[in-house]
file input.txt (compact mmCIF, C-alpha atoms)
# COMPACT_ATOMS: atom_id res chain seq x y z
CA MET A 1268 52.44 14.90 -9.22
CA GLN A 1269 52.78 12.49 -12.09
CA ASN A 1270 50.79 13.02 -15.28
CA LEU A 1271 49.46 16.36 -14.11
CA PRO A 1272 51.16 19.17 -16.00
CA ILE A 1273 53.08 21.92 -14.30
CA GLU A 1274 53.33 25.38 -15.78
CA VAL A 1275 55.74 28.23 -15.25
CA SER A 1276 55.45 31.71 -16.64
CA VAL A 1277 58.08 32.55 -19.25
CA ILE A 1278 56.57 35.74 -20.63
CA ASP A 1279 59.76 37.78 -20.24
CA ALA A 1280 61.76 35.25 -22.23
CA VAL A 1281 59.14 35.03 -24.98
CA GLN A 1282 58.80 38.79 -25.31
CA GLU A 1283 62.55 39.18 -25.56
CA ALA A 1284 62.77 36.38 -28.12
CA LEU A 1285 60.06 37.98 -30.25
CA THR A 1286 62.02 41.22 -30.22
CA ASN A 1287 65.40 39.73 -31.00
CA GLY A 1288 64.68 36.65 -33.07
CA SER A 1289 62.21 33.92 -33.76
CA ARG A 1290 63.21 31.21 -31.29
CA VAL A 1291 63.38 30.73 -27.56
CA SER A 1292 65.22 27.96 -25.72
CA PHE A 1293 65.06 26.79 -22.14
CA ARG A 1294 67.24 24.72 -19.87
CA VAL A 1295 65.46 22.71 -17.18
CA PHE A 1296 67.69 21.58 -14.37
CA ALA A 1297 67.82 20.52 -10.74
CA ALA A 1298 68.41 23.60 -8.63
CA ASP A 1299 69.93 21.72 -5.72
CA ALA A 1300 71.08 18.20 -5.00
CA ALA A 1301 67.78 16.90 -6.30
CA PRO A 1302 66.86 13.33 -7.20
CA PRO A 1303 65.97 12.49 -10.81
CA VAL A 1304 62.85 13.90 -12.39
CA THR A 1305 61.68 12.94 -15.85
CA TYR A 1306 59.23 14.82 -18.02
CA ALA A 1307 57.50 13.72 -21.20
CA SER A 1308 59.43 14.83 -24.28
CA ARG A 1309 58.15 15.80 -27.73
CA GLU A 1310 58.44 12.13 -28.69
CA ALA A 1311 55.93 11.15 -25.98
CA HIS A 1312 52.14 11.11 -26.34
CA ALA A 1313 50.79 14.45 -27.50
CA LEU A 1314 48.73 14.73 -24.36
CA TYR A 1315 51.88 14.90 -22.23
CA ALA A 1316 54.48 16.42 -24.57
CA PRO A 1317 55.96 19.84 -23.69
CA ARG A 1318 54.10 22.87 -24.91
CA LEU A 1319 54.75 26.58 -24.96
CA LEU A 1320 51.44 28.36 -24.41
CA VAL A 1321 51.42 31.93 -25.68
CA PHE A 1322 48.39 34.10 -25.01
CA THR A 1323 48.01 37.11 -27.27
CA SER A 1324 45.67 39.99 -27.83
CA ASN A 1325 45.06 41.49 -31.22
CA THR A 1326 44.00 44.83 -29.81
CA PRO A 1327 44.75 47.51 -32.42
CA PRO A 1328 47.60 49.87 -31.52
CA ASN A 1329 46.87 53.29 -30.12
CA ILE A 1330 47.50 56.15 -32.55
CA SER A 1331 48.63 59.38 -30.97
CA THR A 1332 46.80 62.59 -31.72
CA LEU A 1333 48.18 64.45 -34.73
CA PRO A 1334 48.67 68.22 -34.29
CA ASP A 1335 47.14 70.60 -36.85
CA GLN A 1336 49.31 70.98 -39.92
CA THR A 1337 49.72 74.07 -42.13
CA THR A 1338 50.05 73.41 -45.83
CA ASP A 1339 51.18 75.56 -48.72
CA GLU A 1340 48.04 76.21 -50.78
CA THR A 1341 49.92 77.87 -53.64
CA PHE A 1342 49.12 76.04 -56.82
CA ARG A 1343 52.13 75.22 -58.88
CA SER A 1344 51.41 74.33 -62.46
CA PRO A 1345 53.42 71.56 -64.00
CA CYS A 1346 56.31 72.48 -66.19
CA PRO A 1347 55.40 72.73 -69.88
CA MET B 1227 19.44 -0.64 -28.07
CA LEU B 1228 17.39 -2.37 -30.72
CA TRP B 1229 17.81 -6.12 -30.33
CA THR B 1230 15.25 -8.83 -30.88
CA GLY B 1231 14.62 -10.94 -27.83
CA LEU B 1232 16.12 -8.52 -25.26
CA SER B 1233 13.81 -6.91 -22.73
CA GLY B 1234 13.34 -3.20 -23.41
CA ALA B 1235 15.12 -3.41 -26.77
CA ASP B 1236 12.05 -3.47 -29.02
CA GLU B 1237 10.95 -0.50 -31.13
CA ALA B 1238 8.20 0.68 -28.78
CA SER B 1239 10.43 0.57 -25.70
CA VAL B 1240 13.27 2.43 -27.38
CA THR B 1241 10.87 5.08 -28.71
CA ALA B 1242 9.35 5.56 -25.28
CA ALA B 1243 12.78 5.83 -23.64
CA LEU B 1244 13.92 8.49 -26.10
CA ASN B 1245 10.72 10.50 -25.77
CA SER B 1246 10.95 10.51 -21.98
CA ALA B 1247 14.65 11.37 -21.79
CA ALA B 1248 15.86 14.70 -20.42
CA ARG B 1249 15.39 17.57 -22.88
CA ASP B 1250 18.42 19.52 -21.76
CA PRO B 1251 21.05 20.08 -24.47
CA TYR B 1252 23.50 21.25 -21.77
CA SER B 1253 23.47 17.89 -19.97
CA SER B 1254 24.78 14.53 -21.14
CA ALA B 1255 21.38 13.15 -20.13
CA GLY B 1256 19.94 15.09 -23.04
CA TYR B 1257 21.75 12.92 -25.60
CA SER B 1258 21.14 9.31 -26.55
CA LEU B 1259 22.99 6.80 -28.71
CA VAL B 1260 20.97 3.80 -29.87
CA MET B 1261 22.87 0.69 -30.86
CA VAL B 1262 21.26 -1.59 -33.42
CA HIS B 1263 21.82 -5.35 -33.53
CA VAL B 1264 22.10 -5.71 -37.29
CA TRP B 1265 21.60 -9.47 -37.20
CA SER B 1266 18.11 -9.17 -35.71
CA LYS B 1267 17.03 -5.63 -36.72
CA ASP B 1268 17.10 -3.72 -39.98
CA LEU B 1269 16.49 -0.20 -41.29
CA THR B 1270 12.75 -0.72 -41.04
CA SER B 1271 13.09 -1.03 -37.29
CA VAL B 1272 15.16 2.16 -37.18
CA GLN B 1273 12.56 3.99 -39.28
CA THR B 1274 9.79 2.79 -36.94
CA VAL B 1275 11.59 4.32 -33.96
CA ILE B 1276 12.24 7.58 -35.82
CA ASN B 1277 8.60 7.84 -36.87
CA GLY B 1278 7.53 7.55 -33.26
CA LEU B 1279 9.81 10.24 -31.86
CA ALA B 1280 8.27 13.33 -30.28
CA PRO B 1281 8.90 16.66 -32.09
CA PRO B 1282 11.65 17.91 -29.70
CA VAL B 1283 13.79 14.82 -30.36
CA ARG B 1284 16.29 15.28 -33.18
CA VAL B 1285 18.08 12.55 -35.11
CA VAL B 1286 21.63 13.61 -36.00
CA THR B 1287 24.73 12.04 -37.48
CA PRO B 1288 27.47 10.76 -35.15
CA GLY B 1289 29.63 13.74 -36.09
CA GLU B 1290 26.86 16.18 -35.23
CA LEU B 1291 26.24 14.39 -31.95
CA VAL B 1292 29.87 14.80 -30.88
CA ALA B 1293 29.93 18.43 -32.03
CA LEU B 1294 26.74 19.26 -30.14
CA MET B 1295 27.94 17.59 -26.95
CA THR B 1296 31.33 19.26 -27.20
CA THR B 1297 29.81 22.69 -27.68
CA ASN B 1298 26.93 22.47 -25.24
CA ILE B 1299 28.44 20.43 -22.42
CA ALA B 1300 32.22 20.52 -22.14
CA GLY B 1301 32.73 23.69 -24.15
CA LYS B 1302 30.10 25.85 -22.44
CA HIS B 1303 31.72 28.36 -20.13
CA THR B 1304 28.97 30.83 -19.20
CA PHE B 1305 25.84 30.03 -17.23
CA ASP B 1306 23.22 32.71 -16.50
CA PHE B 1307 20.55 30.20 -15.40
CA GLU B 1308 17.78 32.31 -16.95
CA ALA B 1309 16.31 29.28 -18.70
CA GLY B 1310 17.17 26.48 -16.30
CA LEU B 1311 20.03 24.49 -14.85
CA LEU B 1312 22.12 24.42 -18.06
CA GLY B 1313 23.52 21.00 -17.25
CA TRP B 1314 24.28 21.59 -13.56
CA ALA B 1315 23.25 18.58 -11.50
CA GLY B 1316 21.98 19.06 -7.95
CA THR B 1317 22.34 16.53 -5.13
CA THR B 1318 21.64 16.65 -1.40
CA SER B 1319 22.71 14.76 1.68
CA GLY B 1320 19.12 13.61 2.14
CA LYS B 1321 18.16 15.59 5.23
CA PRO B 1322 14.55 16.79 5.32
CA SER B 1323 15.30 20.46 4.55
CA ASP B 1324 17.94 19.86 1.92
CA ARG B 1325 17.32 21.42 -1.50
CA ALA B 1326 19.37 21.72 -4.67
CA ASP B 1327 17.15 23.32 -7.27
CA TRP B 1328 16.61 26.20 -9.69
CA LEU B 1329 14.82 29.25 -8.32
CA ASP B 1330 14.16 32.54 -10.10
CA GLY B 1331 17.10 32.34 -12.46
CA ALA B 1332 19.69 31.09 -9.97
CA LEU B 1333 20.89 27.91 -8.30
CA ARG B 1334 19.52 27.43 -4.80
CA LEU B 1335 21.44 25.26 -2.36
CA ALA B 1336 19.72 24.91 0.98
CA GLY B 1337 19.57 22.60 3.95
CA SER B 1338 19.88 22.28 7.67
CA ASP B 1339 21.65 19.96 10.06
CA ALA B 1340 18.77 20.55 12.50
CA GLY B 1341 21.02 21.58 15.35
CA ILE B 1342 23.49 18.73 14.96
CA ALA B 1343 26.08 20.33 12.71
CA ASP B 1344 28.27 18.12 10.57
CA THR B 1345 30.82 18.63 7.84
CA VAL B 1346 28.81 16.94 5.10
CA PRO B 1347 27.43 19.44 2.58
CA ASN B 1348 23.65 19.65 2.62
CA ALA B 1349 23.42 20.53 -1.05
CA THR B 1350 25.77 20.38 -4.03
CA PHE B 1351 25.63 21.51 -7.64
CA SER B 1352 28.23 20.08 -10.00
CA ARG B 1353 29.02 20.13 -13.69
CA PRO B 1354 31.85 18.89 -15.92
CA VAL B 1355 33.63 21.62 -17.85
CA SER B 1356 36.53 21.46 -20.28
CA LEU B 1357 38.74 24.38 -19.32
CA PRO B 1358 40.40 26.14 -22.25
CA LEU B 1359 44.14 26.64 -22.16
CA ASN B 1360 43.66 30.35 -21.59
CA ALA B 1361 41.28 29.96 -18.64
CA THR B 1362 42.16 32.32 -15.82
CA GLN B 1363 39.31 32.59 -13.32
CA LEU B 1364 36.06 31.03 -12.22
CA ARG B 1365 33.70 33.94 -11.71
CA PHE B 1366 30.26 33.78 -10.11
CA ASP B 1367 27.71 35.69 -8.03
CA THR B 1368 26.59 34.43 -4.64
CA ARG B 1369 24.51 35.46 -1.68
CA ALA B 1370 23.48 33.76 1.54
CA GLU B 1371 20.37 33.32 3.60
CA GLY B 1372 20.62 32.59 7.28
CA ASP B 1373 23.87 30.83 7.92
CA GLY B 1374 24.49 29.16 4.59
CA LEU B 1375 28.17 28.44 4.06
CA LEU B 1376 29.72 27.96 0.64
CA ARG B 1377 32.61 25.86 -0.56
CA VAL B 1378 33.84 25.64 -4.16
CA ARG B 1379 35.92 22.72 -5.33
CA LEU B 1380 36.96 21.20 -8.60
CA ARG B 1381 37.67 17.58 -9.42
CA ARG B 1382 40.67 17.09 -11.67
CA ALA B 1383 40.85 14.47 -14.39
CA ASN B 1384 42.74 12.10 -12.06
CA GLY B 1385 39.95 12.26 -9.48
CA VAL B 1386 41.74 14.54 -7.03
CA PHE B 1387 39.60 17.28 -5.48
CA VAL B 1388 41.03 20.78 -5.17
CA THR B 1389 39.41 23.33 -2.88
CA LEU B 1390 39.19 26.69 -4.63
CA ALA B 1391 37.39 28.43 -1.76
CA ASP B 1392 36.76 26.89 1.63
CA TRP B 1393 33.79 27.39 3.94
CA ASN B 1394 35.23 30.35 5.81
CA SER B 1395 37.78 31.67 3.35
CA LEU B 1396 35.91 33.00 0.37
CA PRO B 1397 37.93 35.56 -1.58
CA ALA B 1398 37.31 39.25 -1.28
CA PRO B 1399 34.14 40.19 -3.19
CA ASN B 1400 36.04 42.11 -5.83
CA PRO B 1401 37.25 40.98 -9.22
CA LEU B 1402 40.33 38.89 -8.66
CA THR B 1403 43.24 40.03 -10.73
CA PRO B 1404 46.06 37.54 -11.03
CA SER B 1405 49.31 39.24 -10.21
CA LEU B 1406 52.86 38.26 -10.87
CA SER B 1407 54.72 37.70 -7.66
CA PRO B 1408 58.14 39.34 -7.76
CA SER B 1409 59.57 36.80 -5.38
CA GLY B 1410 58.63 33.95 -3.12
CA GLY B 1411 55.35 32.12 -3.09
CA GLU B 1412 54.39 28.72 -4.36
CA GLY B 1413 55.47 27.95 -7.87
CA VAL B 1414 58.04 30.71 -8.04
CA ARG B 1415 61.50 29.78 -9.16
CA ARG B 1416 64.50 32.02 -9.48
CA THR B 1417 67.80 31.28 -11.08
CA GLY B 1418 70.86 33.31 -11.83
CA GLU B 1419 70.30 33.06 -15.56
CA GLY B 1420 66.65 33.81 -15.79
CA VAL B 1421 63.60 34.32 -13.71
CA VAL B 1422 60.58 32.10 -13.82
CA GLN B 1423 57.55 33.34 -12.01
CA GLY B 1424 54.25 31.83 -11.01
CA PHE B 1425 50.83 33.26 -10.41
CA ASN B 1426 49.45 33.71 -6.95
CA ALA B 1427 45.79 34.42 -6.38
CA ARG B 1428 44.85 36.86 -3.70
CA MET B 1429 42.70 35.17 -1.05
CA ASP B 1430 41.44 36.86 2.08
CA SER B 1431 41.04 34.40 4.91
CA GLY B 1432 38.28 34.31 7.46
CA ASN B 1433 35.58 35.52 5.09
CA SER B 1434 32.35 33.59 4.64
CA LEU B 1435 30.19 36.42 3.15
CA ARG B 1436 27.08 35.27 4.96
CA ASP B 1437 24.76 38.11 4.00
CA GLN B 1438 21.90 38.55 1.58
CA SER B 1439 23.69 40.90 -0.80
CA TRP B 1440 24.96 39.53 -4.09
CA HIS B 1441 28.73 39.37 -4.27
CA THR B 1442 30.81 38.69 -7.37
CA LEU B 1443 33.71 36.37 -6.59
CA ALA B 1444 36.55 35.09 -8.71
CA LEU B 1445 38.79 32.09 -8.08
CA ASP B 1446 42.08 31.27 -9.73
CA LEU B 1447 41.84 28.58 -12.44
CA MET B 1448 45.18 28.98 -14.17
CA PRO B 1449 46.81 25.92 -12.56
CA TYR B 1450 44.09 23.79 -14.16
CA ALA B 1451 43.85 25.46 -17.59
CA GLY B 1452 43.47 22.93 -20.37
CA GLU B 1453 42.08 20.21 -18.09
CA ASP B 1454 38.72 18.49 -18.06
CA VAL B 1455 37.39 19.23 -14.58
CA THR B 1456 34.13 19.07 -12.65
CA PHE B 1457 33.10 22.09 -10.60
CA HIS B 1458 31.36 21.53 -7.27
CA PHE B 1459 29.46 24.30 -5.46
CA GLU B 1460 28.57 23.06 -1.97
CA GLN B 1461 26.40 24.48 0.80
CA ASN B 1462 26.50 23.61 4.46
CA ASP B 1463 24.69 24.63 7.61
CA GLY B 1464 26.74 27.24 9.45
CA GLY B 1465 25.34 26.23 12.83
CA SER B 1466 22.93 29.06 13.61
CA GLY B 1467 19.67 30.43 12.26
CA VAL B 1468 16.90 28.42 10.69
CA ASN B 1469 17.25 28.84 6.92
CA HIS B 1470 20.71 28.01 5.66
CA ALA B 1471 20.76 28.74 1.96
CA ARG B 1472 23.21 29.75 -0.74
CA TYR B 1473 22.34 31.16 -4.12
CA ILE B 1474 24.69 30.97 -7.11
CA ASP B 1475 24.27 32.84 -10.38
CA ASN B 1476 26.19 33.98 -13.46
CA ILE B 1477 28.93 31.36 -13.36
CA GLY B 1478 31.60 31.95 -15.97
CA VAL B 1479 35.12 30.97 -16.91
CA ASP B 1480 37.25 34.01 -17.71
CA LYS B 1481 39.80 33.68 -20.48
CA LEU B 1482 42.95 35.54 -21.37
CA GLY B 1483 43.36 36.53 -25.02
CA VAL B 1484 43.91 33.90 -27.69
CA ALA B 1485 46.02 30.84 -26.95
CA ASP B 1486 48.78 29.65 -29.28
CA VAL B 1487 49.95 26.14 -28.48
CA ILE B 1488 53.53 25.66 -29.71
CA GLU B 1489 55.24 22.30 -29.86
CA PRO B 1490 59.00 22.18 -29.33
CA GLU B 1491 61.13 22.29 -32.44
CA ALA B 1492 63.71 20.21 -30.61
CA ASP B 1493 64.26 18.81 -27.13
CA SER B 1494 66.74 16.53 -25.44
CA TYR B 1495 68.67 16.07 -22.25
CA ALA B 1496 72.34 15.79 -21.40
CA ARG B 1497 73.95 13.56 -18.80
CA ASP B 1498 77.49 13.68 -17.50
CA GLY B 1499 79.88 10.89 -16.55
CA ALA B 1500 79.70 7.69 -18.56
CA PHE B 1501 76.81 9.11 -20.65
CA ALA B 1502 78.52 12.38 -21.57
CA SER B 1503 78.69 11.47 -25.26
CA ALA B 1504 75.25 9.89 -25.48
CA ASN B 1505 72.53 11.52 -27.59
CA PHE B 1506 69.09 11.46 -26.01
CA GLY B 1507 67.38 13.51 -28.74
CA SER B 1508 64.93 10.77 -29.64
CA ALA B 1509 64.14 9.73 -26.07
CA SER B 1510 60.54 9.92 -24.92
CA VAL B 1511 61.54 11.66 -21.70
CA LEU B 1512 63.48 14.70 -20.58
CA SER B 1513 65.48 14.24 -17.41
CA THR B 1514 66.92 16.39 -14.63
CA SER B 1515 69.06 15.34 -11.69
CA GLN B 1516 71.84 16.45 -9.45
CA ASP B 1517 72.01 13.25 -7.50
CA THR B 1518 74.50 10.55 -8.51
CA ASP B 1519 75.06 12.35 -11.79
CA THR B 1520 73.99 15.60 -13.39
CA GLN B 1521 71.21 15.62 -15.98
CA GLU B 1522 69.78 18.70 -17.68
CA SER B 1523 67.04 19.10 -20.27
CA TYR B 1524 66.81 21.53 -23.16
CA LEU B 1525 63.84 22.68 -25.25
CA ARG B 1526 63.64 25.01 -28.25
CA PHE B 1527 60.49 26.65 -29.61
CA VAL B 1528 59.88 28.59 -32.84
CA LEU B 1529 57.84 31.78 -32.40
CA THR B 1530 57.37 32.82 -36.03
CA ASN B 1531 53.61 32.27 -35.92
CA VAL B 1532 53.07 34.41 -32.84
CA SER B 1533 51.48 37.77 -33.58
CA GLY B 1534 49.77 40.42 -31.52
CA ARG B 1535 50.55 41.63 -28.05
CA VAL B 1536 51.78 38.89 -25.73
CA LEU B 1537 49.69 38.83 -22.56
CA GLU B 1538 51.22 35.74 -21.01
CA ALA B 1539 53.43 32.80 -21.92
CA ARG B 1540 53.81 29.56 -20.03
CA LEU B 1541 55.98 26.52 -20.44
CA ARG B 1542 53.99 23.37 -19.72
CA LEU B 1543 55.80 20.18 -18.73
CA THR B 1544 54.28 16.90 -17.60
CA PRO B 1545 56.27 14.88 -15.04
CA VAL B 1546 56.56 11.20 -15.79
CA ALA B 1547 58.53 10.04 -12.77
CA VAL B 1548 59.54 11.87 -9.63
CA THR B 1549 61.67 10.36 -6.89
CA GLY B 1550 60.63 12.04 -3.66
CA GLY B 1551 60.67 15.81 -3.53
CA ALA B 1552 62.66 17.69 -6.13
CA THR B 1553 62.96 21.35 -7.05
CA ASN B 1554 63.68 22.15 -10.67
CA ALA B 1555 64.50 25.49 -12.23
CA ILE B 1556 64.25 26.93 -15.71
CA ALA B 1557 66.63 29.29 -17.43
CA VAL B 1558 66.74 30.85 -20.86
CA VAL B 1559 69.67 29.67 -22.96
CA PRO B 1560 70.97 30.57 -26.44
CA ASP B 1561 69.22 28.86 -29.33
CA ASN B 1562 72.34 27.00 -30.43
CA TYR B 1563 72.55 24.83 -27.33
call {"tool": "encode", "arguments": {"input": "input.txt", "output": "structure tokens"}}
result
Amino acid sequence: MQNLPIEVSVIDAVQEALTNGSRVSFRVFAADAAPPVTYASREAHALYAPRLLVFTSNTPPNISTLPDQTTDETFRSPCP
Amino acid sequence: MLWTGLSGADEASVTAALNSAARDPYSSAGYSLVMVHVWSKDLTSVQTVINGLAPPVRVVTPGELVALMTTNIAGKHTFDFEAGLLGWAGTTSGKPSDRADWLDGALRLAGSDAGIADTVPNATFSRPVSLPLNATQLRFDTRAEGDGLLRVRLRRANGVFVTLADWNSLPAPNPLTPSLSPSGGEGVRRTGEGVVQGFNARMDSGNSLRDQSWHTLALDLMPYAGEDVTFHFEQNDGGSGVNHARYIDNIGVDKLGVADVIEPEADSYARDGAFASANFGSASVLSTSQDTDTQESYLRFVLTNVSGRVLEARLRLTPVAVTGGATNAIAVVPDNY
């Protein structure tokens, strides 16, 4: 449908790109003997230009439980 | 407007119109913009109108007006109806028993076809909402009285109506969790180089939930995220019983995390044959085809500003021209394409 955006999930590609680098690239192509399709490019109106939408959560990481530690309480005076 | 010589455009008429306007900050009817004909009116006229305004009426700057309307109308995404309709507008088909009103902290949609059932909703509540890019679900509570059926639709920006839940196919009354489909299903594309998946909402068919218990339902909104839409909750007579009502409460738009909107660092398309050496990097379109010639499009995005745990990522493209039916696929390619 013209002028209504379509979206496809690319989370796997983005996660891999974040692990291995700082960029991600996509190829859009006709899967079969398909007639021409044109999409708005980055040079088109901002309302229609391509966008990568990334949804993130800033939930703090889980910290595993630390086992009890035994320390050496012997006081060692500094060397004179 | 204030304009000498025009009926209803004098100071007293404008003041009276403002004082009698709707006092609902969640509805566009609660906001007014008064134009002043500067060749026949001056600041004294404006001051006269302001002096006559009732206490609840506020005079704000144009910037404040836009900010208030954006926040309270399009940007409002939760509605508990404790204090009123919150900008939801009710309409009926005009039959004697039809009602679309606020009752005890909920929306009431009621009406009867008086034994001659038809497909026209008896009562409707609607409201424009600007969906954020990370919108996932429309969540609400509902219960029925008698044989009140419910349908939920949204009107897209281009005027097309989409049915989110039809009269007899309401979703299961459990929180709807969008799930990635491993294969098949609408919107799912697979290629040998990468997998692109779409979301499918779980919908149980043949369920109209016509009982008096409150049920929490959730409908998939992700295909419409980022759009300005109008929600429509509609009630119809189910054909039996005497009181056919639907109650709606606690409407909300669920969101997923924080959305980063990333523009492409570069994009272009390639075409074989006579255009094999052409550079389309500054073209306003991206093209695909495997018809008379082969055309492929490429896009590159920089992710350096993305932080936190990635919950979801979607590539959004807007078709400009489509010749008949065409299936396109997406694959990940090296950054040095």
call {"tool": "atom_distance", "arguments": {"input": "input.txt", "atom1": "atom CA of B:Thr1318", "atom2": "atom CA of B:Ser1338"}}
result
10.8 Å
call {"tool": "interface_residues", "arguments": {"input": "input.txt", "of": "chain B", "to": "chain A", "cutoff": "7 Å", "atoms": "only C-alpha atoms", "output": "ChimeraX atom specification"}}
result
/B:1360,1422-1424,1482-1490,1493,1508-1517,1522-1530,1534-1549,1552-1561
call {"tool": "atom_distance", "arguments": {"input": "input.txt", "atom1": "atom CA of B:Ala1370", "atom2": "atom CA of B:Ile1299"}}
result
27.9 Å
call {"tool": "atom_distance", "arguments": {"input": "input.txt", "atom1": "atom CA of B:Thr1304", "atom2": "atom CA of B:Asp1250"}}
result
15.7 Å
call {"tool": "residues_around", "arguments": {"input": "input.txt", "residues": "B:Lys1481", "least_positions_apart": "6", "cutoff": "10 Å", "atoms": "all atoms listed in the file", "output": "NGL selection string"}}
result
(:A and (1322)) or (:B and (1303 or 1357-1364 or 1447-1448 or 1451))
